[in-house]
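> First, the structure itself, so that you have it in front of you.
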Amino acid sequence: MDRLRCWVIALALALLPALVHGETLEGVLSPGELANGHKRWDDDCRACHVPFERDAQSRLCADCHKAIRADLREKKRYHGRLKDTTCRRCHTEHQGRNAKITVLDKEKFDHNDTAYPLKGGHKKPEVKCEDCHKPGFKYREAPKQCEGCHKKIDNEKGHKGKLGPKCEDCHSEVKWKETKFDHNKIKFKLEQGHKDVKCKECHADQLYPFRDSPRACYACHKKDDEDPAKKGHKGRYGTKCEKCHDAAKWKEPLFDHERDGNKYVLKGKHLEAKCDKCHKEPLYTVKLPTACYACHKKDDDLKGHKGSLGEKCDKCHNEKNWKTSNFDHDRDTDYPLLGKHFDTKCEKCHKSGVVAVDGKPREKLPKACYACHKKDDDDPAKKGHKGKFGERCNSCHTAKEWKDIIFNHEWDTDYPLTGKHKETKCDDCHKPGEVVAKGVPRTKLTKACVACHKKDDDDPAKKGHKGRFGEKCESCHTTKEWKNIAFNHERDTKYPLRGKHEKAACLTCHPADRFIYKEKTSTECNACHRKDDYDKGHKGTLGVRCESCHNVNGWRVEKFDHNKSRFPLVGGHVLVECKKCHQNVAYRTTPMACNSCHEKDDVHKRRLGIDCQTCHNTRTWKSWDFDHAKTGFKLEGAHAKPDCYVCHKVPMRKRQDTTLITSCLSCHVKNDVHKGTFGARCERCHGVVAWLPALRQ
């Protein structure tokens, strides 16, 4: 340690002259020569170093490298994005004149940390750093515009500079050969057929940015207009091609007669006619007449009316089909053509041929159906009526179909046809000759069912009632199906059918003579079940309110509520079978006294009477509780010890007669030494504790 201290002192003494002359310790102890770029500061350490302040070095570097300083301040480009901005971390000096003080690992360097991230084809392995970063230039001086690297390619294989330097307007880094220029963002959008046209076909010699390229169709399509092979117009229609053509289908003209200022709309066959069919030479310079007769006069002379019907062809004809007349009977006359009349030829009704020049019939025909159809009504082969039903055919028939009858019983009469009546023929009810011209029956038929169905009611084969149930058939039957009974006991009466009553035949409760509602059927059970009660039931002992115990689901009683009777079941009685107490079905006569069932269980042999409930309860016979004090004869003294049977010796058929045993003599007559001379009130002299001595001497 002493030797080291000596060396330090010696070194300080050796450097003392240099310090005296103003040189720093760092300058004296220089670690080596600077690189060529910094060699002018070999003798001036303070240009890059501050004595005893290591962190000041990066600040001094930035003072010289102003571009880097700007990146650090604005935190952009590569140096501005670094987390550690200490210069010596990447740049090391004092390694000699030819040393490279920039350390860059090309394998690990991330170009995304710069202001120019690599995308698309620039990221491919075959693209080297030297392709963009040329020798003698700083990395930051590499060109960012496509032209900086690709100008040579543009001159040799590209546009030779004619499209300008902004390659990115059409090309991308992904695939150079695929252009991305969006024509829809400029005034001339590429639509329909223009989408597949190559750029050079329109932009032949124009230079970028093509502002001088013509937009008029004729500029490109003049040669098509002059080419006979392409059916061009040779300039006869002018240069505004877009009036008739569009980019989608050049061959199909889209000139709209209605939309494009012409008052003559093309319809029907006119749509298929060629333009020069009407527009002769010179084209579109002479205003054509719009009257049909101007073009179709020769048709009228050769195959038409030869002028006999005038020149207003549109009264009867239309552009859709010349042969079909559009004369509207509904609109132009007061007799609209309906149904079959619509397809009938004019001369079928208008015999004399018939239409005047003004389009109106020469003769006024009758409108009545019978005028034309009388022969049909007289023809048996067509099932005519031969005049029996009058001349107002339209009451039942229509022009749509003669065979279809439109007479509506519901609308035209007060008897609507429903169910099977709809399928019934008219003459089943209305005999021949009963209908007059207006379609109204001559004889007003009765609406009662029995008027037509009496024979069905009398027919045993059809299960008729033979008049037993009256004439109101509709009470039970419907027109939909005669066999189905529609009478609803729940809806139509105050006695709804439930349980077994639903399956019971009507005649079971309603004899034939009652069915015609002359006698009202009783709703009490006994009205129908009285015989059952006397034959198999209670023989009238329980009255007529059968529903108290029985119900309509089954006559047999499943559960009777004894609590609603005079003898509620409690305790041990709940589990006892009915037949134990009720020996017969006359339940009302069953005795309620305990001894009536429990006499054989009476161990007292009636000596305590027959009112068992006085001491016992229904819960269990063995438990009992009797308070003698409540009888008026309290057991005290010597009376508390004797057995009950000492006093109660004689069996009783009724209740215990307490008046017999409350007198002392009733038990103590043998003990009466007075032989009755002092009367029967022994308690005046004797007590209950002991008979002797007497209380009074």
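By order in the structure tokens, chains are A, B, ...; within a chain, residues start at 1; ligands start at 1, following the order shown.
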With only C-alpha atoms as the counted atoms, please give the residues lying no more than 12 Å from range 133-138 of chain A, apart from itself and same-chain residues fewer than 4 positions off, as a list in words.

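What passes the distance filter is Ala67, Ile68, Thr102, Val127, Lys128, Cys129, Ala142, Pro143, Lys144, Gly148 and Cys149 of chain A.
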
> With N, CA and C atoms kept, could you save the residues just selected as a PDB file, in the first residue's frame?


ATOM      1  N   ALA A  67     -28.130  17.679 -36.442  1.00  0.00           N
ATOM      2  CA  ALA A  67     -29.264  16.895 -36.970  1.00  0.00           C
ATOM      3  C   ALA A  67     -29.705  15.838 -35.958  1.00  0.00           C
ATOM      4  N   ILE A  68     -28.700  15.228 -35.314  1.00  0.00           N
ATOM      5  CA  ILE A  68     -29.010  14.227 -34.283  1.00  0.00           C
ATOM      6  C   ILE A  68     -29.682  14.906 -33.103  1.00  0.00           C
ATOM      7  N   THR A 102     -18.914   3.797 -35.641  1.00  0.00           N
ATOM      8  CA  THR A 102     -20.344   3.451 -35.618  1.00  0.00           C
ATOM      9  C   THR A 102     -20.475   1.929 -35.600  1.00  0.00           C
ATOM     10  N   VAL A 127     -33.116  -8.123 -50.454  1.00  0.00           N
ATOM     11  CA  VAL A 127     -32.871  -6.678 -50.412  1.00  0.00           C
ATOM     12  C   VAL A 127     -31.820  -6.394 -49.337  1.00  0.00           C
ATOM     13  N   LYS A 128     -30.696  -5.867 -49.732  1.00  0.00           N
ATOM     14  CA  LYS A 128     -29.588  -5.592 -48.814  1.00  0.00           C
ATOM     15  C   LYS A 128     -29.577  -4.111 -48.419  1.00  0.00           C
ATOM     16  N   CYS A 129     -28.892  -3.840 -47.311  1.00  0.00           N
ATOM     17  CA  CYS A 129     -28.813  -2.460 -46.821  1.00  0.00           C
ATOM     18  C   CYS A 129     -28.130  -1.559 -47.846  1.00  0.00           C
ATOM     19  N   ALA A 142     -30.245   8.332 -46.898  1.00  0.00           N
ATOM     20  CA  ALA A 142     -30.822   7.418 -47.903  1.00  0.00           C
ATOM     21  C   ALA A 142     -32.140   8.004 -48.417  1.00  0.00           C
ATOM     22  N   PRO A 143     -32.444   7.909 -49.726  1.00  0.00           N
ATOM     23  CA  PRO A 143     -33.676   8.503 -50.285  1.00  0.00           C
ATOM     24  C   PRO A 143     -34.935   7.789 -49.772  1.00  0.00           C
ATOM     25  N   LYS A 144     -35.975   8.562 -49.542  1.00  0.00           N
ATOM     26  CA  LYS A 144     -37.248   7.989 -49.092  1.00  0.00           C
ATOM     27  C   LYS A 144     -38.249   7.885 -50.229  1.00  0.00           C
ATOM     28  N   GLY A 148     -35.777   7.522 -55.899  1.00  0.00           N
ATOM     29  CA  GLY A 148     -34.387   7.502 -55.497  1.00  0.00           C
ATOM     30  C   GLY A 148     -33.717   6.173 -55.772  1.00  0.00           C
ATOM     31  N   CYS A 149     -34.478   5.068 -55.657  1.00  0.00           N
ATOM     32  CA  CYS A 149     -33.911   3.735 -55.904  1.00  0.00           C
ATOM     33  C   CYS A 149     -34.367   3.148 -57.234  1.00  0.00           C
TER      34      CYS A 149
END

> Using only C-alpha atoms, which of A:Thr662, A:Asn584, A:Glu33, A:Asp256 sits nearest Thr541 in chain A?

A:Asn584

> As an exercise, work out the distance from CA of Lys454 in chain A to CA of Cys506 in chain A in Å and give it to one decimal place.

21.0 Å

> With distances taken over only C-alpha atoms, which residue among A:Lys503, A:Lys348, A:His183, A:Arg77 lies nearest Lys195 in chain A?

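Result for the nearest residue to Lys195 in chain A: A:His183.
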
> So that I can see what lies close to His648 in chain A, please list as a ChimeraX atom specification the residues with an atom at most 7 Å from it, counting only C-alpha atoms and leaving out residues fewer than 4 positions away in the same chain.

/A:607-608,644

> Produce a file of the selected residues containing N, CA and C atoms, as a CSV table (one decimal), in the first residue's frame.


chain,number,residue,atom,x,y,z
A,607,ARG,N,-125.1,-51.0,37.0
A,607,ARG,CA,-125.2,-50.5,38.4
A,607,ARG,C,-124.9,-49.0,38.5
A,608,LEU,N,-124.1,-48.5,37.5
A,608,LEU,CA,-123.8,-47.1,37.5
A,608,LEU,C,-124.6,-46.4,36.4
A,644,CYS,N,-117.5,-48.3,44.8
A,644,CYS,CA,-118.8,-47.7,44.2
A,644,CYS,C,-120.0,-48.6,44.5

> Rounded to one decimal place, report the CA of Asp227 in chain A-CA of Lys251 in chain A distance in Å.

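Computing the Euclidean distance for CA of Asp227 in chain A and CA of Lys251 in chain A yields 13.2 Å.
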
> When you draw a straight line from CA of His573 in chain A to CA of Thr589 in chain A, how long is it in Å?

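A separation of 18.0 Å between them.
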
> Which neighbours of Tyr264 in chain A fall inside 12 Å, counting only C-alpha atoms, when residues of the same chain fewer than 5 positions from it are skipped, and could you give them as a list in words?

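Final neighbour list, sorted by chain and number: Asp256, His257, Glu258, Arg259, His270, Leu271, Lys287, Leu288, Pro289, Thr290, Ala291 and Cys292 of chain A.
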
> Could you list, as a CSV table (one decimal) with C-alpha atoms, in the first residue's frame, every residue within 12 Å of Lys386 in chain A, counting only C-alpha atoms and ignoring same-chain residues fewer than 2 positions away?


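Here's the written file result07.csv:
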chain,number,residue,atom,x,y,z
A,370,TYR,CA,-132.9,-12.7,-72.1
A,373,HIS,CA,-129.9,-16.0,-74.1
A,374,LYS,CA,-133.6,-16.8,-74.7
A,375,LYS,CA,-132.6,-19.7,-77.0
A,376,ASP,CA,-130.4,-21.1,-74.2
A,377,ASP,CA,-133.3,-20.9,-71.7
A,378,ASP,CA,-135.6,-22.7,-74.2
A,379,ASP,CA,-133.0,-25.4,-75.0
A,380,PRO,CA,-133.5,-28.6,-72.9
A,381,ALA,CA,-129.9,-29.8,-73.8
A,382,LYS,CA,-128.6,-26.8,-71.9
A,383,LYS,CA,-131.0,-27.4,-68.9
A,384,GLY,CA,-133.0,-24.2,-69.6
A,388,LYS,CA,-140.7,-20.9,-65.9
A,389,PHE,CA,-138.4,-18.7,-63.9
A,390,GLY,CA,-139.0,-15.5,-65.8
A,391,GLU,CA,-136.6,-13.3,-67.8
A,393,CYS,CA,-131.5,-14.4,-65.7
A,432,PRO,CA,-141.3,-26.7,-60.4
A,433,GLY,CA,-143.4,-23.7,-61.1
A,437,ALA,CA,-139.4,-14.1,-62.6

> A:Arg97, A:Leu72, A:Gly676, A:Gly571: which is nearest Thr85 in chain A, counting only C-alpha atoms?

A:Leu72
